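Q: So that you have it, the file is input-v9.cif, and it contains mmCIF, C-alpha atoms and all ligand atoms:
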```cif
data_entry
#
loop_
_atom_site.label_atom_id
_atom_site.label_comp_id
_atom_site.auth_asym_id
_atom_site.auth_seq_id
_atom_site.Cartn_x
_atom_site.Cartn_y
_atom_site.Cartn_z
CA MET J 1 -81.10 64.27 155.79
CA ASN J 2 -79.21 63.61 152.55
CA VAL J 3 -76.44 61.23 153.59
CA LEU J 4 -73.42 60.13 151.56
CA VAL J 5 -72.52 56.54 152.41
CA THR J 6 -69.03 55.56 151.28
CA GLY J 7 -68.63 51.80 151.02
CA GLY J 8 -72.42 51.52 150.93
CA ALA J 9 -72.32 48.16 149.13
CA GLY J 10 -70.26 46.58 151.90
CA PHE J 11 -71.40 44.48 154.86
CA ILE J 12 -72.08 47.25 157.36
CA GLY J 13 -72.64 49.97 154.74
CA SER J 14 -75.43 48.11 152.94
CA ILE J 15 -77.35 47.34 156.11
CA THR J 16 -76.89 50.90 157.38
CA THR J 17 -78.30 52.13 154.06
CA THR J 18 -81.52 50.19 154.66
CA GLU J 19 -81.75 51.66 158.17
CA LEU J 20 -81.21 55.16 156.79
CA VAL J 21 -84.19 54.71 154.48
CA SER J 22 -86.33 53.33 157.35
CA ALA J 23 -85.43 56.38 159.42
CA GLY J 24 -86.56 58.73 156.63
CA HIS J 25 -83.13 59.78 155.37
CA LYS J 26 -81.98 59.82 151.77
CA PRO J 27 -78.81 57.77 151.27
CA VAL J 28 -76.47 58.33 148.34
CA ILE J 29 -74.02 55.46 147.94
CA VAL J 30 -70.51 55.49 146.59
CA ASP J 31 -68.55 52.26 146.26
CA ASN J 32 -65.83 50.92 143.95
CA PHE J 33 -66.72 47.25 144.55
CA SER J 34 -63.17 46.49 145.68
CA ASN J 35 -64.59 44.27 148.42
CA SER J 36 -68.30 44.12 147.60
CA GLN J 37 -70.65 43.05 144.84
CA LYS J 38 -73.21 44.71 142.62
CA PHE J 39 -76.15 42.45 143.52
CA VAL J 40 -76.04 44.00 146.99
CA LEU J 41 -77.48 47.21 145.56
CA ASP J 42 -80.44 45.31 144.06
CA ASN J 43 -81.06 43.67 147.41
CA ILE J 44 -81.02 47.03 149.21
CA GLU J 45 -83.65 48.19 146.71
CA LYS J 46 -85.70 45.03 147.35
CA ILE J 47 -85.67 45.66 151.09
CA THR J 48 -86.37 49.40 150.97
CA GLY J 49 -88.63 49.47 147.92
CA LYS J 50 -86.72 52.58 146.83
CA LYS J 51 -84.49 53.28 143.84
CA LEU J 52 -80.95 53.94 145.06
CA ASP J 53 -78.73 56.85 144.19
CA PHE J 54 -75.40 55.22 143.46
CA TYR J 55 -72.00 56.20 142.02
CA GLU J 56 -69.26 53.70 141.20
CA ILE J 57 -66.14 55.62 142.22
CA ASP J 58 -63.07 55.29 144.40
CA VAL J 59 -63.33 57.72 147.31
CA ARG J 60 -59.81 58.84 146.47
CA ASP J 61 -61.28 60.64 143.45
CA THR J 62 -61.72 63.90 145.37
CA ASP J 63 -63.08 65.96 142.47
CA LYS J 64 -65.81 63.46 141.68
CA LEU J 65 -66.67 63.16 145.36
CA HIS J 66 -66.91 66.94 145.65
CA GLU J 67 -69.29 67.02 142.69
CA ILE J 68 -71.45 64.27 144.25
CA LEU J 69 -71.64 66.14 147.56
CA LYS J 70 -72.77 69.31 145.76
CA THR J 71 -75.18 67.71 143.28
CA ASN J 72 -76.97 65.77 146.00
CA ASN J 73 -77.03 68.53 148.63
CA ILE J 74 -75.37 66.20 151.10
CA ASP J 75 -75.85 67.09 154.79
CA ALA J 76 -73.61 64.43 156.34
CA VAL J 77 -71.23 61.63 155.41
CA ILE J 78 -70.93 58.12 156.83
CA HIS J 79 -67.49 56.90 155.85
CA PHE J 80 -67.25 53.10 155.76
CA ALA J 81 -65.02 52.62 152.72
CA ALA J 82 -61.79 51.00 153.95
CA TYR J 83 -59.88 47.73 153.95
CA LYS J 84 -60.33 45.70 157.12
CA ALA J 85 -58.36 42.44 157.08
CA VAL J 86 -55.80 42.39 159.88
CA GLY J 87 -53.56 39.68 158.37
CA GLU J 88 -53.58 41.21 154.89
CA SER J 89 -52.60 44.55 156.40
CA VAL J 90 -49.47 42.95 157.87
CA ASP J 91 -48.51 41.47 154.47
CA ASN J 92 -49.41 44.56 152.49
CA PRO J 93 -49.13 47.60 154.77
CA LEU J 94 -48.73 50.21 152.02
CA LYS J 95 -51.99 49.12 150.41
CA TYR J 96 -53.72 49.68 153.76
CA TYR J 97 -52.15 53.06 154.50
CA GLN J 98 -52.82 54.24 150.96
CA ASN J 99 -56.41 53.14 150.77
CA ASN J 100 -57.59 53.84 154.29
CA LEU J 101 -55.75 57.12 154.88
CA ASP J 102 -55.82 58.60 151.35
CA GLY J 103 -59.49 57.64 151.25
CA LEU J 104 -60.27 59.52 154.46
CA LEU J 105 -58.18 62.55 153.44
CA SER J 106 -59.99 62.70 150.12
CA VAL J 107 -63.40 62.51 151.80
CA LEU J 108 -62.43 65.29 154.23
CA ASP J 109 -61.02 67.46 151.46
CA ALA J 110 -64.15 67.08 149.36
CA MET J 111 -66.34 67.82 152.41
CA LYS J 112 -64.35 70.97 153.25
CA ASN J 113 -64.64 72.27 149.68
CA ALA J 114 -68.34 71.47 149.53
CA GLY J 115 -69.10 72.96 152.96
CA VAL J 116 -70.26 69.66 154.48
CA SER J 117 -69.18 69.46 158.12
CA ASN J 118 -70.72 66.34 159.68
CA ILE J 119 -69.13 62.89 159.45
CA VAL J 120 -69.64 59.52 161.12
CA PHE J 121 -66.48 57.42 160.99
CA SER J 122 -66.03 53.64 161.36
CA SER J 123 -63.37 53.14 163.99
CA SER J 124 -62.67 49.93 165.83
CA ALA J 125 -62.12 48.48 169.28
CA THR J 126 -58.74 47.50 167.91
CA VAL J 127 -57.52 50.98 168.98
CA TYR J 128 -57.63 49.77 172.61
CA GLY J 129 -55.26 46.85 171.98
CA ASP J 130 -55.06 44.51 174.97
CA PRO J 131 -57.12 46.48 177.51
CA ASP J 132 -55.98 46.98 181.12
CA THR J 133 -59.55 46.42 182.36
CA VAL J 134 -62.95 45.41 180.99
CA PRO J 135 -65.54 46.62 180.24
CA ILE J 136 -63.57 49.10 178.13
CA THR J 137 -64.66 52.72 178.41
CA GLU J 138 -64.01 55.36 175.78
CA ASN J 139 -61.35 57.06 177.87
CA ALA J 140 -59.24 53.90 178.20
CA THR J 141 -55.66 54.36 177.06
CA LEU J 142 -55.09 53.62 173.40
CA LYS J 143 -52.32 51.08 172.90
CA PRO J 144 -49.68 51.14 170.16
CA PRO J 145 -51.23 49.36 167.20
CA THR J 146 -50.08 45.79 166.57
CA ASN J 147 -50.86 45.78 162.85
CA PRO J 148 -51.19 48.32 160.00
CA TYR J 149 -55.00 47.99 159.92
CA GLY J 150 -55.19 49.05 163.57
CA ALA J 151 -52.67 51.80 162.87
CA THR J 152 -54.88 53.24 160.11
CA LYS J 153 -57.80 53.42 162.56
CA GLN J 154 -55.74 55.25 165.20
CA MET J 155 -54.28 57.61 162.60
CA ALA J 156 -57.70 58.24 161.11
CA GLU J 157 -59.04 59.21 164.54
CA GLN J 158 -56.17 61.69 164.90
CA ILE J 159 -56.75 63.11 161.41
CA LEU J 160 -60.41 63.68 162.25
CA ARG J 161 -59.50 65.46 165.51
CA ASP J 162 -57.02 67.72 163.72
CA ALA J 163 -59.50 68.48 160.93
CA SER J 164 -62.11 69.29 163.54
CA ASN J 165 -59.78 71.72 165.36
CA ALA J 166 -58.68 73.44 162.17
CA HIS J 167 -61.77 73.37 159.96
CA GLY J 168 -64.74 73.10 162.29
CA LEU J 169 -65.49 69.52 161.26
CA ASN J 170 -67.97 67.65 163.46
CA ALA J 171 -67.20 63.97 163.76
CA VAL J 172 -68.59 60.97 165.60
CA LEU J 173 -66.09 58.13 165.84
CA LEU J 174 -67.82 54.81 166.38
CA ARG J 175 -65.52 52.17 167.79
CA TYR J 176 -67.10 48.92 166.65
CA PHE J 177 -66.56 45.79 168.70
CA ASN J 178 -67.23 42.52 166.78
CA PRO J 179 -69.95 43.02 164.16
CA ILE J 180 -71.71 39.77 163.23
CA GLY J 181 -75.03 38.54 161.85
CA ALA J 182 -76.87 39.65 158.74
CA HIS J 183 -79.99 41.51 157.68
CA PRO J 184 -82.99 39.47 158.93
CA SER J 185 -84.39 39.33 155.36
CA GLY J 186 -81.44 37.09 154.47
CA LEU J 187 -80.64 39.46 151.59
CA LEU J 188 -77.63 41.32 153.01
CA GLY J 189 -74.64 40.08 154.97
CA GLU J 190 -70.95 39.46 154.97
CA LEU J 191 -69.21 38.26 151.78
CA PRO J 192 -65.78 37.06 152.86
CA ILE J 193 -63.36 36.50 149.99
CA GLY J 194 -61.52 33.18 150.31
CA THR J 195 -61.01 31.63 153.73
CA PRO J 196 -62.69 33.78 156.38
CA ASN J 197 -60.51 35.24 159.13
CA ASN J 198 -63.36 36.13 161.44
CA LEU J 199 -65.06 33.66 163.72
CA VAL J 200 -68.70 33.79 162.65
CA PRO J 201 -68.23 33.48 158.87
CA TYR J 202 -65.89 30.57 159.61
CA VAL J 203 -68.55 28.98 161.80
CA THR J 204 -71.28 29.35 159.16
CA GLN J 205 -69.03 27.99 156.39
CA THR J 206 -68.08 25.03 158.57
CA ALA J 207 -71.73 24.33 159.38
CA ALA J 208 -72.43 24.48 155.62
CA GLY J 209 -69.68 21.93 154.92
CA ILE J 210 -67.50 24.40 152.99
CA ARG J 211 -64.81 24.04 155.68
CA ASN J 212 -64.03 20.74 157.39
CA LYS J 213 -63.70 22.09 160.88
CA LEU J 214 -63.24 25.22 162.87
CA THR J 215 -60.09 25.72 164.89
CA VAL J 216 -60.63 27.37 168.26
CA PHE J 217 -57.60 29.60 168.64
CA GLY J 218 -56.52 28.74 172.18
CA ASP J 219 -58.30 27.42 175.27
CA ASP J 220 -55.76 28.65 177.78
CA TYR J 221 -56.77 32.29 178.09
CA ASP J 222 -57.70 33.70 181.47
CA THR J 223 -61.42 33.46 180.66
CA PRO J 224 -64.21 31.28 182.14
CA ASP J 225 -63.74 28.46 179.59
CA GLY J 226 -60.26 29.38 178.37
CA SER J 227 -61.32 30.50 174.88
CA GLY J 228 -61.21 34.14 173.75
CA VAL J 229 -64.00 36.50 174.81
CA ARG J 230 -65.40 39.22 172.52
CA ASP J 231 -68.34 41.60 172.37
CA TYR J 232 -70.40 40.41 169.39
CA ILE J 233 -72.76 43.07 168.11
CA HIS J 234 -75.59 42.36 165.65
CA VAL J 235 -74.93 44.31 162.46
CA VAL J 236 -78.49 45.69 162.47
CA ASP J 237 -77.93 47.19 165.93
CA LEU J 238 -74.61 48.55 164.69
CA ALA J 239 -76.33 50.07 161.64
CA LYS J 240 -78.82 51.81 163.93
CA ALA J 241 -75.98 53.35 165.92
CA HIS J 242 -75.05 55.30 162.78
CA ILE J 243 -78.53 56.79 162.57
CA ALA J 244 -78.26 57.80 166.24
CA ALA J 245 -74.85 59.34 165.50
CA LEU J 246 -76.31 61.42 162.64
CA ASP J 247 -79.05 62.71 164.93
CA PHE J 248 -76.44 63.53 167.55
CA LEU J 249 -74.41 65.55 165.01
CA ASP J 250 -77.57 67.23 163.75
CA SER J 251 -78.46 68.48 167.21
CA GLU J 252 -75.38 70.70 166.95
CA ASN J 253 -72.95 68.66 168.92
CA ALA J 254 -69.78 70.25 167.63
CA GLY J 255 -66.28 68.81 167.60
CA VAL J 256 -65.28 65.18 167.92
CA ASP J 257 -67.07 62.57 170.01
CA VAL J 258 -66.22 58.93 170.38
CA PHE J 259 -68.51 56.03 171.27
CA ASN J 260 -68.05 52.34 171.83
CA ILE J 261 -70.56 50.33 169.85
CA GLY J 262 -70.92 46.99 171.55
CA THR J 263 -73.42 45.13 173.70
CA GLY J 264 -71.52 45.45 176.97
CA THR J 265 -71.31 41.66 177.26
CA GLY J 266 -68.54 39.26 176.32
CA SER J 267 -69.05 35.79 174.83
CA SER J 268 -66.39 33.14 174.39
CA VAL J 269 -65.59 31.26 171.20
CA LEU J 270 -66.97 28.05 172.74
CA GLU J 271 -70.18 29.86 173.73
CA VAL J 272 -70.58 31.11 170.18
CA ILE J 273 -70.19 27.57 168.84
CA GLN J 274 -72.69 26.15 171.38
CA THR J 275 -75.21 28.94 170.80
CA PHE J 276 -74.95 28.54 167.03
CA LYS J 277 -75.67 24.84 167.41
CA LYS J 278 -78.61 25.45 169.75
CA VAL J 279 -80.43 28.10 167.70
CA ASN J 280 -79.83 26.57 164.28
CA ASP J 281 -79.86 22.89 165.15
CA VAL J 282 -76.72 22.25 163.16
CA THR J 283 -73.34 21.03 164.34
CA VAL J 284 -70.05 22.80 163.88
CA PRO J 285 -67.10 20.38 163.99
CA TYR J 286 -64.23 21.99 165.81
CA GLU J 287 -60.86 21.33 167.38
CA ILE J 288 -58.80 23.25 169.86
CA GLY J 289 -55.68 24.73 168.33
CA PRO J 290 -52.93 27.08 169.47
CA ARG J 291 -53.50 30.77 170.08
CA ARG J 292 -53.54 32.99 166.98
CA SER J 293 -50.66 35.43 166.99
CA GLY J 294 -51.72 38.96 167.91
CA ASP J 295 -54.97 37.85 169.61
CA ILE J 296 -55.97 39.00 173.08
CA GLY J 297 -57.94 37.09 175.71
CA THR J 298 -60.82 39.37 176.56
CA CYS J 299 -62.36 42.43 174.95
CA TYR J 300 -65.80 43.87 175.59
CA ALA J 301 -67.30 47.31 175.68
CA SER J 302 -68.81 49.56 178.21
CA ALA J 303 -71.79 50.67 176.14
CA GLU J 304 -73.01 53.22 178.69
CA LYS J 305 -71.83 56.38 176.97
CA ALA J 306 -73.65 55.48 173.74
CA GLN J 307 -76.81 54.81 175.70
CA LYS J 308 -76.59 58.05 177.67
CA GLU J 309 -75.54 60.41 174.90
CA LEU J 310 -76.70 58.80 171.66
CA GLY J 311 -79.79 57.18 173.15
CA TRP J 312 -78.67 53.96 171.46
CA LYS J 313 -78.26 50.49 172.85
CA ALA J 314 -78.05 47.02 171.37
CA GLU J 315 -81.46 45.33 171.22
CA LEU J 316 -80.65 42.06 169.48
CA SER J 317 -79.06 39.00 171.07
CA LEU J 318 -76.21 36.68 170.16
CA GLU J 319 -78.94 34.13 169.31
CA ASP J 320 -80.56 36.57 166.85
CA ALA J 321 -77.23 37.31 165.22
CA LEU J 322 -76.25 33.65 164.83
CA LYS J 323 -79.68 32.78 163.42
CA ASP J 324 -79.46 35.59 160.87
CA ALA J 325 -75.88 34.67 159.98
CA TRP J 326 -76.97 31.09 159.25
CA THR J 327 -79.95 32.18 157.10
CA TRP J 328 -77.57 34.41 155.11
CA GLN J 329 -75.07 31.57 154.64
CA GLN J 330 -77.79 29.25 153.38
CA ASN J 331 -79.12 31.88 150.97
CA LEU J 332 -75.63 32.43 149.59
CA GLU J 333 -75.48 28.83 148.49
CA LYS J 334 -78.80 28.92 146.63
N1 LIG O 401 -61.40 32.70 166.41
C1 LIG O 401 -61.23 31.34 166.46
N2 LIG O 401 -61.18 30.64 165.28
C2 LIG O 401 -61.30 31.25 164.08
C3 LIG O 401 -61.49 32.66 164.04
C4 LIG O 401 -61.52 33.35 165.23
O1 LIG O 401 -61.11 30.73 167.54
O2 LIG O 401 -61.25 30.57 163.05
C5 LIG O 401 -61.48 33.44 167.69
C6 LIG O 401 -60.40 34.49 167.87
O3 LIG O 401 -59.24 33.92 168.42
C7 LIG O 401 -61.11 35.47 168.79
C8 LIG O 401 -62.57 35.40 168.36
O4 LIG O 401 -62.69 34.15 167.68
O5 LIG O 401 -61.03 35.05 170.12
C9 LIG O 401 -62.98 36.50 167.42
O6 LIG O 401 -62.08 36.56 166.33
P1 LIG O 401 -62.37 37.44 165.03
O7 LIG O 401 -61.25 37.20 164.07
O8 LIG O 401 -63.75 37.19 164.55
O9 LIG O 401 -62.35 38.91 165.59
P2 LIG O 401 -61.20 39.69 166.35
O10 LIG O 401 -61.72 40.01 167.71
O11 LIG O 401 -59.89 39.04 166.25
O12 LIG O 401 -61.08 40.96 165.41
C10 LIG O 401 -62.17 41.85 165.30
C11 LIG O 401 -62.21 42.48 163.91
C12 LIG O 401 -61.01 43.34 163.68
C13 LIG O 401 -60.82 44.27 164.82
C14 LIG O 401 -60.79 43.52 166.13
C15 LIG O 401 -60.67 44.39 167.33
O13 LIG O 401 -62.24 41.50 162.91
O14 LIG O 401 -61.22 44.10 162.51
O15 LIG O 401 -62.00 42.81 166.26
O16 LIG O 401 -61.73 45.22 167.43
F1 LIG O 401 -59.64 44.92 164.68
#
```
Write out the structure in this file as structure tokens.
Ligand code: UFG
A:
Amino acid sequence: MNVLVTGGAGFIGSITTTELVSAGHKPVIVDNFSNSQKFVLDNIEKITGKKLDFYEIDVRDTDKLHEILKTNNIDAVIHFAAYKAVGESVDNPLKYYQNNLDGLLSVLDAMKNAGVSNIVFSSSATVYGDPDTVPITENATLKPPTNPYGATKQMAEQILRDASNAHGLNAVLLRYFNPIGAHPSGLLGELPIGTPNNLVPYVTQTAAGIRNKLTVFGDDYDTPDGSGVRDYIHVVDLAKAHIAALDFLDSENAGVDVFNIGTGTGSSVLEVIQTFKKVNDVTVPYEIGPRRSGDIGTCYASAEKAQKELGWKAELSLEDALKDAWTWQQNLEK
């Protein structure tokens, strides 16, 4: 399949691009480098041994996008391009609504005009808010979003449903849990700008001495050790879920389908720290601090639907992910 990957130079987009090539697809990347870097494209080429088709554009340029879809005979789109920092979205909501929603609308408009009807969309477990029960299934109630980033994901899901009803769009919405790790080659991974918000980049930067110590945000949650529990999914497993989603769309599954992409298991912050130390033989100084505002205690997926209907399940462990994250961090400093 010829697949347009928006945000293909980003963390998840770049690794999914390598998996697309491995699976025999032909990726075409668009990215505006608003939160990614050009060397990533060279590293994708190193891993795949293939020359990449790439366009530096903003996905909000609908005309250009339409032309790219036509010129490259695109069969399906994987739409990653979006802003994703929760805190920044609270400080700068308009930037988030503009980029994430205008971006999606532009992609859908260009697809409609070019006659492309299959899309895989990056949604998030954030749409569930603080869940009533875990593991979370896809039919759990969606909670009112607590920040503009989460709101853009809920709105985007609704836009995709409406576009499907009206225009015959076929969409797979993948609700990611907590993506971590890096490509095992050490050539692709997360590139947080400034101080990381997410746990694992903070852990790797602390282990590397870039940060003095990690703060564990609360040890008084109703969890086995009191620290927050999340479903950490290796980014390579997550990338593979997109290939499974394309196959699912290709086998004429019409309409909108939604899948949780997680491991089905929760790990606490303290477990992540201990596991990181064990597999990498490096210490992570930490202290217990207060809860972070907006955080929830426990969140992990039921991954059964994805296994049953997409034939996908996570294969890699927390250990694998933390090893790969550390290799990536060390390579970044070279
Ligand atoms: N944590 C710390 N210290 C830190 C950073 C995080 O203790 O320095 C804890 C958090 O309190 C939480 C866990 O580590 O318990 C994971 O936090 P992350 O910030 O890595 O991830 P979140 O679960 O808060 O958020 C992630 C994504 C969001 C998404 C959300 C819900 O980053 O984009 O999952 O799906 F919205």
Q: Could you give me the axis-aligned bounding box of segment 210-220 of chain J, with 3 Å of padding per side, as centre plus edge lengths in Å to one decimal, as lines of an AutoDock Vina configuration file?
A:
```
center_x = -61.6
center_y = 25.2
center_z = 165.4
size_x = 17.7
size_y = 14.9
size_z = 30.8
```
Q: So how far away is atom CA of Glu19 of chain J from atom CA of Ala245 of chain J, in Å?
A: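 Atom-to-atom, atom CA of Ala245 of chain J to atom CA of Glu19 of chain J, that is 12.7 Å.
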Q: Pick the closest to ligand LIG 401 (chain O) from J:Glu319, J:Asp130, J:Asp61, J:Asp31: which is it, counting all atoms listed in the file?
A: J:Asp130
Q: What does the distance between atom CA of Gly13 of chain J and atom CA of Pro135 of chain J come to in Å, to one decimal place?
A: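 Calculated distance between atom CA of Gly13 of chain J and atom CA of Pro135 of chain J is 26.7 Å.
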Q: For segment 327-333 of chain J, list every protein, DNA or RNA residue within 7 Å, evaluated using only C-alpha atoms, and leave out those in the same chain fewer than 4 positions away; present the list as a list in words.
A: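 With the cut-off at 7 Å, the set is Ala182, Gly186, Leu187, Gly189, Thr204 and Lys323 of chain J.
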Q: Env of Ser227 of chain J: 6 Å cut, atoms = all atoms listed in the file, seq-sep filter 4 positions within chain, self excluded. Answer as a list of chain:residue names.
A: J:Gly218, J:Asp219, J:Tyr221, J:Ser268, J:Val269
Q: Please, could you write that set of residues out with C-alpha atoms as a compact mmCIF listing (two decimals), in the coordinates of the input?
A:
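Listed below is the output, selection.txt:
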```
# COMPACT_ATOMS: atom_id res chain seq x y z
CA GLY J 218 -56.52 28.74 172.18
CA ASP J 219 -58.30 27.42 175.27
CA TYR J 221 -56.77 32.29 178.09
CA SER J 268 -66.39 33.14 174.39
CA VAL J 269 -65.59 31.26 171.20
```
Q: Between J:Asn100, J:Gln158, J:Thr223, J:Thr133, which residue has the minimum interatomic distance to Gly7 of chain J, considering all atoms listed in the file?
A: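 Nearest to Gly7 of chain J: J:Asn100.
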Q: Select, from J:Val3, J:Ala23, J:Ala114, J:Ile261, the residue with the minimum atom-to-atom distance to ligand LIG 401 (chain O), counting only C-alpha atoms and all ligand atoms.
A: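 Closest to ligand LIG 401 (chain O) of all the choices is J:Ile261.
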Q: Identify, on the basis of all atoms listed in the file, every residue whose closest approach to Leu246 of chain J does not exceed 9 Å; exclude the query and any residue fewer than 5 positions from it along the same chain; express the result as a VMD selection string.
A: chain J and resid 1 76 to 78 118 to 120 172 241 251
Q: For ligand LIG 401 (chain O), return the neighbouring residues as a PDB file with C-alpha atoms, keeping the file's coordinate frame (distance at most 8 Å; all atoms listed in the file).
A:
```
ATOM      1  CA  LYS J  84     -60.330  45.700 157.120  1.00  0.00           C
ATOM      2  CA  ALA J  85     -58.360  42.440 157.080  1.00  0.00           C
ATOM      3  CA  VAL J  86     -55.800  42.390 159.880  1.00  0.00           C
ATOM      4  CA  SER J 124     -62.670  49.930 165.830  1.00  0.00           C
ATOM      5  CA  ALA J 125     -62.120  48.480 169.280  1.00  0.00           C
ATOM      6  CA  THR J 126     -58.740  47.500 167.910  1.00  0.00           C
ATOM      7  CA  VAL J 127     -57.520  50.980 168.980  1.00  0.00           C
ATOM      8  CA  GLY J 129     -55.260  46.850 171.980  1.00  0.00           C
ATOM      9  CA  TYR J 149     -55.000  47.990 159.920  1.00  0.00           C
ATOM     10  CA  GLY J 150     -55.190  49.050 163.570  1.00  0.00           C
ATOM     11  CA  ARG J 175     -65.520  52.170 167.790  1.00  0.00           C
ATOM     12  CA  TYR J 176     -67.100  48.920 166.650  1.00  0.00           C
ATOM     13  CA  PHE J 177     -66.560  45.790 168.700  1.00  0.00           C
ATOM     14  CA  ASN J 178     -67.230  42.520 166.780  1.00  0.00           C
ATOM     15  CA  PRO J 179     -69.950  43.020 164.160  1.00  0.00           C
ATOM     16  CA  PRO J 196     -62.690  33.780 156.380  1.00  0.00           C
ATOM     17  CA  ASN J 197     -60.510  35.240 159.130  1.00  0.00           C
ATOM     18  CA  ASN J 198     -63.360  36.130 161.440  1.00  0.00           C
ATOM     19  CA  LEU J 199     -65.060  33.660 163.720  1.00  0.00           C
ATOM     20  CA  VAL J 200     -68.700  33.790 162.650  1.00  0.00           C
ATOM     21  CA  TYR J 202     -65.890  30.570 159.610  1.00  0.00           C
ATOM     22  CA  VAL J 203     -68.550  28.980 161.800  1.00  0.00           C
ATOM     23  CA  LEU J 214     -63.240  25.220 162.870  1.00  0.00           C
ATOM     24  CA  THR J 215     -60.090  25.720 164.890  1.00  0.00           C
ATOM     25  CA  VAL J 216     -60.630  27.370 168.260  1.00  0.00           C
ATOM     26  CA  PHE J 217     -57.600  29.600 168.640  1.00  0.00           C
ATOM     27  CA  GLY J 218     -56.520  28.740 172.180  1.00  0.00           C
ATOM     28  CA  SER J 227     -61.320  30.500 174.880  1.00  0.00           C
ATOM     29  CA  GLY J 228     -61.210  34.140 173.750  1.00  0.00           C
ATOM     30  CA  VAL J 229     -64.000  36.500 174.810  1.00  0.00           C
ATOM     31  CA  ARG J 230     -65.400  39.220 172.520  1.00  0.00           C
ATOM     32  CA  SER J 268     -66.390  33.140 174.390  1.00  0.00           C
ATOM     33  CA  VAL J 269     -65.590  31.260 171.200  1.00  0.00           C
ATOM     34  CA  ARG J 291     -53.500  30.770 170.080  1.00  0.00           C
ATOM     35  CA  ARG J 292     -53.540  32.990 166.980  1.00  0.00           C
ATOM     36  CA  ASP J 295     -54.970  37.850 169.610  1.00  0.00           C
ATOM     37  CA  ILE J 296     -55.970  39.000 173.080  1.00  0.00           C
ATOM     38  CA  GLY J 297     -57.940  37.090 175.710  1.00  0.00           C
ATOM     39  CA  THR J 298     -60.820  39.370 176.560  1.00  0.00           C
ATOM     40  CA  CYS J 299     -62.360  42.430 174.950  1.00  0.00           C
TER      41      CYS J 299
END
```
Q: Which of these residues is nearest to Pro285 of chain J, using all atoms listed in the file: J:Pro224, J:Gly266, J:Gly209, J:Ala301?
A: J:Gly209
Q: For atom CA of Leu104 of chain J and atom CA of Ile44 of chain J, quote the distance in Å rounded to one decimal.
A: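 Here the two named atoms are 24.8 Å from each other.
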